[in-house]
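Novice: Below you'll find the structure I mean.
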Amino acid sequence: MSLLLSNLTLATMTKGYGLIHDAAVVIEDDRVAWAGPRAQIPGPYDRLPPTELDGRLVTPGLIDCHTHIVFAGDRASEFEMRLNGASYEEVARAGGGILSTVTATRAASEGELLAQAIARADQIIAGGATTIEVKSGYGLTVAGELKQLRVARQIARHRPVTVRTTHLAAHAIPPEYKGRADAYVDEVAIPSLRQAHAEGLIDAVDAFCEGIAFSPAQVNRLFTVARSLGIPIKLHAEQLSDLKGAVLAARFGALSADHLEYLGQDGVDAMARAGTVAVILPGAFYTLREKQLPPIAALRAAGVPMALATDCNPGSSPITSLTLTMNMACTLFGMTPLEALQGVTTHAARALGLTDRGTLARDQRADLAVWEARHPAELAYRIGATALHTRIFGGRLD
Ligand code: DI6
Ligand code: FE
């Protein structure tokens, strides 16, 4: 099956935007066969009937490389509590926060969880995403974590999207292990990691390294097991304080360290040396009304690739729009529109360890987003409105 897209503005993302005006793209099956100026379409592709795009912008399909979309319920009441003066940590200590979502998620059937997760995935897809990473972390039992991961994998059977799954049992300490985080790591986090890996349910492991969650020593024990199993590593690090999580992640050659508001220069340097991607999550910063900005200038200066993601979750980031996330990254954090687009394409692919997507080039997966836009800066510039015209997933037009 071949498809010729013609009369478009191409952002290949191969070098900067890699802009090509009056461009064309040839797709064969699920791969890009050719991309370049329309005047140079090689034969025999030039004889294909063209799909005319009237000068619209075409980018690689967007990649949301950090989400928690498999959960039940919502946390609007906690949002209200925080706006009446409680902090995110106070809500968590009072048994609200992540644990209220754990209660709802444990009680939900796989079918109920899947229906809710698909509704969220649909919103992310409607904003141009073709790949979504999904974490567990609201089951906090061996069976509960596996249930969430199975549901996450099922999303891709119902929707045209690639789902990458990440084990995040080390997300919070459930009530039955209160004050016994080490026992939780030994009895739930590590055994569920082993089982999820054995069942082929995960692509990576993650943990929440924070005062209200797991210490660097506990994360280190989990990651040592992950490394012995060859599981790629990611880490929620330096979101609310500087526990040197990014330094720890870099020591394990992590794919990414995520959040990073409190990251110090030592963490920046360690990430640069290890090639670890910084995943910037402005939705959580915005929702929690944080004041501490992630060290964007230091990351940029050190050449650490910066990805951007929604962090879609019911507590700290109830957002499903990658373009709004791009806008926030620019306006709140001073990232450039180019960095924002790299953050949801090339650098997001790298944060997931994927080399077959994130740019628009020969032999890459034919995952494309077609926009009601003429220049890529428009994607980060508009607030809230989705400018998506069409998506192409694995060579197929939606
Ligand atoms: N950091 C976050 O922002 C989310 N998880 C994490 O480790 C919050 C998850 C939640 O509040 O439900
Ligand atoms: Fe998160």
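By convention in this document, the chains of the structure tokens carry letters A, B, ... by their order, each chain's residues are numbered from 1, and ligands are numbered from 1 in the order they are shown.
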Quick one: everything within 12 Å of Gly230 of chain A, counting only C-alpha atoms, minus sequence neighbours fewer than 2 positions away in the same chain. Send it as an NGL selection string.
Specialist: :A and (193-194 or 197-198 or 202-205 or 223-228 or 232-233 or 252-254)
Novice: Restricting it to C-alpha atoms, dump the selection as a PDB file, in the first residue's frame.
Specialist:
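Output saved as result-v2.pdb:
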```pdb
ATOM      1  CA  LEU A 193       8.528  -5.980  38.513  1.00  0.00           C
ATOM      2  CA  ARG A 194       9.805  -9.524  38.045  1.00  0.00           C
ATOM      3  CA  HIS A 197       8.751  -8.502  33.022  1.00  0.00           C
ATOM      4  CA  ALA A 198       8.254 -12.279  32.832  1.00  0.00           C
ATOM      5  CA  ILE A 202       6.527  -3.723  30.449  1.00  0.00           C
ATOM      6  CA  ASP A 203       9.026  -1.705  28.443  1.00  0.00           C
ATOM      7  CA  ALA A 204      10.643   0.142  31.371  1.00  0.00           C
ATOM      8  CA  VAL A 205      10.647   0.673  35.138  1.00  0.00           C
ATOM      9  CA  PHE A 223      16.885  -0.468  39.922  1.00  0.00           C
ATOM     10  CA  THR A 224      19.566  -3.032  40.723  1.00  0.00           C
ATOM     11  CA  VAL A 225      16.984  -5.759  40.101  1.00  0.00           C
ATOM     12  CA  ALA A 226      15.787  -3.977  36.941  1.00  0.00           C
ATOM     13  CA  ARG A 227      19.331  -3.774  35.612  1.00  0.00           C
ATOM     14  CA  SER A 228      19.889  -7.490  36.229  1.00  0.00           C
ATOM     15  CA  PRO A 232      15.327   0.244  30.855  1.00  0.00           C
ATOM     16  CA  ILE A 233      15.088   2.768  33.686  1.00  0.00           C
ATOM     17  CA  PHE A 252      22.011   3.355  35.972  1.00  0.00           C
ATOM     18  CA  GLY A 253      22.209   4.822  32.448  1.00  0.00           C
ATOM     19  CA  ALA A 254      18.542   5.773  32.690  1.00  0.00           C
TER      20      ALA A 254
END
```
Novice: So that I can check the secondary structure, give me every residue of segment 225-358 of chain A assigned alpha helix (DSSP H) by backbone DSSP, as a PyMOL selection string.
Specialist: chain A and resi 225-229+245-251+265-274+282-287+296-302+322-333+337-343+346-351
Novice: Counting only C-alpha atoms and all ligand atoms, give me one row per residue of chain A with an atom at most 9 Å from an atom of ligand 1, showing the shortest contact pair and its distance in Å to one decimal, sorted by chain then residue number, as CSV.
Specialist:
```
residue,atom,partner,partner_atom_place_in_ligand_line,distance
A:Thr67,CA,ligand 1,4 (C),8.9
A:His68,CA,ligand 1,9 (C),7.5
A:Phe71,CA,ligand 1,12 (O),8.8
A:Arg75,CA,ligand 1,12 (O),8.4
A:Tyr88,CA,ligand 1,11 (O),8.2
A:Ala92,CA,ligand 1,11 (O),8.3
A:Gly97,CA,ligand 1,11 (O),5.4
A:Ile98,CA,ligand 1,12 (O),4.1
A:Leu99,CA,ligand 1,12 (O),7.7
A:Ser100,CA,ligand 1,12 (O),8.3
A:Thr101,CA,ligand 1,12 (O),6.5
A:Val102,CA,ligand 1,12 (O),8.4
A:Gly137,CA,ligand 1,5 (N),8.3
A:Tyr138,CA,ligand 1,12 (O),7.8
A:Leu168,CA,ligand 1,7 (O),8.8
A:Ala170,CA,ligand 1,7 (O),8.9
A:His171,CA,ligand 1,7 (O),5.7
A:Ala172,CA,ligand 1,7 (O),7.8
A:Ala207,CA,ligand 1,7 (O),7.4
A:Phe208,CA,ligand 1,7 (O),4.8
A:Cys209,CA,ligand 1,7 (O),7.8
A:Glu210,CA,ligand 1,7 (O),8.2
A:Ala213,CA,ligand 1,7 (O),8.1
A:Leu235,CA,ligand 1,7 (O),8.9
A:His236,CA,ligand 1,7 (O),5.8
A:Ala237,CA,ligand 1,7 (O),8.5
A:Gln239,CA,ligand 1,1 (N),7.1
A:Leu240,CA,ligand 1,1 (N),8.9
A:Asp258,CA,ligand 1,1 (N),9.0
A:His259,CA,ligand 1,3 (O),7.8
A:Leu281,CA,ligand 1,3 (O),8.4
A:Gly283,CA,ligand 1,3 (O),8.8
A:Ala284,CA,ligand 1,3 (O),5.6
A:Phe285,CA,ligand 1,3 (O),8.4
A:Leu288,CA,ligand 1,3 (O),8.8
A:Asp311,CA,ligand 1,3 (O),6.9
A:Cys312,CA,ligand 1,4 (C),8.4
A:Asn313,CA,ligand 1,12 (O),5.6
A:Pro314,CA,ligand 1,12 (O),5.3
A:Gly315,CA,ligand 1,11 (O),3.7
A:Ser316,CA,ligand 1,11 (O),4.8
A:Ser317,CA,ligand 1,3 (O),6.6
```
Novice: Name the residues of segment 108-291 of chain A that fall into strand (DSSP E or B) according to DSSP on the backbone, using the chain letters and numbers of this document, as a PyMOL selection string.
Specialist: chain A and resi 129-135+162-170+204-209+214+233-237+256-259+277-280
Novice: For ligand 2, which of A:Glu28, A:Asp206, A:Glu80, A:Glu110 is the closest residue, counting only C-alpha atoms and all ligand atoms?
Specialist: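 With only C-alpha atoms and all ligand atoms as the atom set, the closest residue is A:Asp206.
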Novice: Write out as an MDAnalysis selection string the residues lying within 9 Å of Leu4 of chain A, counting only C-alpha atoms and excluding same-chain residues fewer than 3 positions away.
Specialist: chainID A and resid 24:28 45:46 48:52
Novice: For N, CA and C atoms, I'd like the residues from the last selection saved as a tab-separated table (two decimals), in the first residue's frame.
Specialist:
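Result written to selection.tsv:
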```tsv
chain	number	residue	atom	x	y	z
A	24	ALA	N	6.59	16.96	-0.18
A	24	ALA	CA	5.76	15.76	-0.37
A	24	ALA	C	6.33	14.64	0.49
A	25	VAL	N	5.47	13.69	0.84
A	25	VAL	CA	5.89	12.52	1.62
A	25	VAL	C	5.31	11.29	0.94
A	26	VAL	N	6.14	10.28	0.78
A	26	VAL	CA	5.65	9.00	0.25
A	26	VAL	C	5.71	7.97	1.37
A	27	ILE	N	4.59	7.28	1.54
A	27	ILE	CA	4.50	6.25	2.58
A	27	ILE	C	4.28	4.91	1.89
A	28	GLU	N	5.06	3.90	2.30
A	28	GLU	CA	4.82	2.55	1.81
A	28	GLU	C	4.57	1.66	3.01
A	45	TYR	N	7.19	7.00	-7.73
A	45	TYR	CA	6.24	7.58	-6.76
A	45	TYR	C	5.48	8.76	-7.36
A	46	ASP	N	6.11	9.46	-8.32
A	46	ASP	CA	5.48	10.66	-8.88
A	46	ASP	C	4.21	10.31	-9.66
A	48	LEU	N	1.89	8.25	-8.34
A	48	LEU	CA	0.81	7.94	-7.37
A	48	LEU	C	-0.20	9.08	-7.35
A	49	PRO	N	-1.49	8.77	-7.15
A	49	PRO	CA	-2.47	9.85	-7.02
A	49	PRO	C	-2.23	10.60	-5.71
A	50	PRO	N	-1.96	11.91	-5.78
A	50	PRO	CA	-1.59	12.63	-4.55
A	50	PRO	C	-2.78	12.96	-3.65
A	51	THR	N	-2.55	12.89	-2.33
A	51	THR	CA	-3.48	13.46	-1.36
A	51	THR	C	-2.99	14.88	-1.11
A	52	GLU	N	-3.77	15.87	-1.56
A	52	GLU	CA	-3.34	17.27	-1.49
A	52	GLU	C	-3.59	17.84	-0.10
```
Novice: Val163 of chain A: which residues within 6 Å, counting only C-alpha atoms, same-chain residues fewer than 3 positions away excluded, as a PyMOL selection string?
Specialist: chain A and resi 131-133+156
Novice: I'd like the contact shell of Thr310 of chain A - 7 Å cut-off, only C-alpha atoms, skipping same-chain residues fewer than 5 positions apart - returned as a PDB file with N, CA, C and O atoms, in the first residue's frame.
Specialist:
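Saved as out_32.pdb:
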```pdb
ATOM      1  N   ASP A  64       3.620  11.242  23.606  1.00  0.00           N
ATOM      2  CA  ASP A  64       3.443  11.622  25.022  1.00  0.00           C
ATOM      3  C   ASP A  64       4.215  10.589  25.846  1.00  0.00           C
ATOM      4  O   ASP A  64       3.747   9.473  26.051  1.00  0.00           O
ATOM      5  N   HIS A  66       5.177  10.397  29.002  1.00  0.00           N
ATOM      6  CA  HIS A  66       5.012  10.237  30.457  1.00  0.00           C
ATOM      7  C   HIS A  66       3.550  10.481  30.803  1.00  0.00           C
ATOM      8  O   HIS A  66       3.099  11.630  30.847  1.00  0.00           O
ATOM      9  N   THR A  67       2.789   9.406  31.017  1.00  0.00           N
ATOM     10  CA  THR A  67       1.398   9.551  31.467  1.00  0.00           C
ATOM     11  C   THR A  67       1.060   8.479  32.500  1.00  0.00           C
ATOM     12  O   THR A  67       1.741   7.467  32.624  1.00  0.00           O
ATOM     13  N   LEU A 281       7.714  18.463  32.718  1.00  0.00           N
ATOM     14  CA  LEU A 281       6.275  18.222  32.883  1.00  0.00           C
ATOM     15  C   LEU A 281       5.580  19.488  33.408  1.00  0.00           C
ATOM     16  O   LEU A 281       5.236  19.578  34.591  1.00  0.00           O
ATOM     17  N   GLY A 283       2.620  20.588  33.138  1.00  0.00           N
ATOM     18  CA  GLY A 283       1.247  20.431  33.645  1.00  0.00           C
ATOM     19  C   GLY A 283       1.225  20.258  35.152  1.00  0.00           C
ATOM     20  O   GLY A 283       0.345  20.805  35.847  1.00  0.00           O
ATOM     21  N   ILE A 319      -4.278  16.883  32.604  1.00  0.00           N
ATOM     22  CA  ILE A 319      -4.209  17.536  31.294  1.00  0.00           C
ATOM     23  C   ILE A 319      -3.991  16.465  30.234  1.00  0.00           C
ATOM     24  O   ILE A 319      -3.234  15.520  30.453  1.00  0.00           O
ATOM     25  N   THR A 320      -4.660  16.602  29.105  1.00  0.00           N
ATOM     26  CA  THR A 320      -4.526  15.616  28.024  1.00  0.00           C
ATOM     27  C   THR A 320      -4.089  16.265  26.716  1.00  0.00           C
ATOM     28  O   THR A 320      -4.173  15.644  25.669  1.00  0.00           O
ATOM     29  N   SER A 321      -3.597  17.492  26.772  1.00  0.00           N
ATOM     30  CA  SER A 321      -3.203  18.180  25.535  1.00  0.00           C
ATOM     31  C   SER A 321      -1.689  18.388  25.468  1.00  0.00           C
ATOM     32  O   SER A 321      -1.109  19.096  26.295  1.00  0.00           O
ATOM     33  N   LEU A 322      -1.062  17.782  24.460  1.00  0.00           N
ATOM     34  CA  LEU A 322       0.379  17.996  24.288  1.00  0.00           C
ATOM     35  C   LEU A 322       0.690  19.390  23.756  1.00  0.00           C
ATOM     36  O   LEU A 322       1.736  19.954  24.079  1.00  0.00           O
ATOM     37  N   THR A 325       0.606  21.630  26.650  1.00  0.00           N
ATOM     38  CA  THR A 325       1.845  21.364  27.391  1.00  0.00           C
ATOM     39  C   THR A 325       3.014  22.118  26.756  1.00  0.00           C
ATOM     40  O   THR A 325       3.855  22.709  27.453  1.00  0.00           O
TER      41      THR A 325
END
```
Novice: In Å, rounded to a single decimal, give me how far atom CA of Asp398 of chain A is from atom CA of His158 of chain A.
Specialist: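 These atoms are spaced 13.4 Å apart.
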Novice: Report, in Å with one decimal, the straight-line distance from atom CA of Phe214 of chain A to atom CA of Asp182 of chain A.
Specialist: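 According to the coordinates, atom CA of Phe214 of chain A and atom CA of Asp182 of chain A are separated by 8.8 Å.
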Novice: Between A:Gly275, A:Glu145, A:Ala152, A:Ala249, single out the one closest to Ser192 of chain A, counting only C-alpha atoms.
Specialist: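 Answer, going by the shortest atom-to-atom distance: A:Glu145.
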Novice: Find the residue from A:Leu308, A:Leu341, A:Ala387, A:Ala302 that sits nearest to ligand 2; use only C-alpha atoms and all ligand atoms when measuring.
Specialist: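 For ligand 2, the nearest of the given residues is A:Leu308.
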Novice: Between A:Ile69, A:Ala301, A:Leu248, A:Val279, which residue has the minimum interatomic distance to Gln148 of chain A, considering only C-alpha atoms?
Specialist: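 That would be A:Ile69, the residue with the smallest distance to Gln148 of chain A.
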Novice: Using only C-alpha atoms and all ligand atoms, which residue out of A:Ser87, A:Thr331, A:Ser136, A:Thr390 lies closest to ligand 2?
Specialist: A:Ser136
Novice: Restricting the calculation to only C-alpha atoms and all ligand atoms, which member of A:Val142, A:Ala11, A:Leu260, A:Ala377 is positioned closest to ligand 2?
Specialist: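 With only C-alpha atoms and all ligand atoms as the atom set, the closest residue is A:Leu260.
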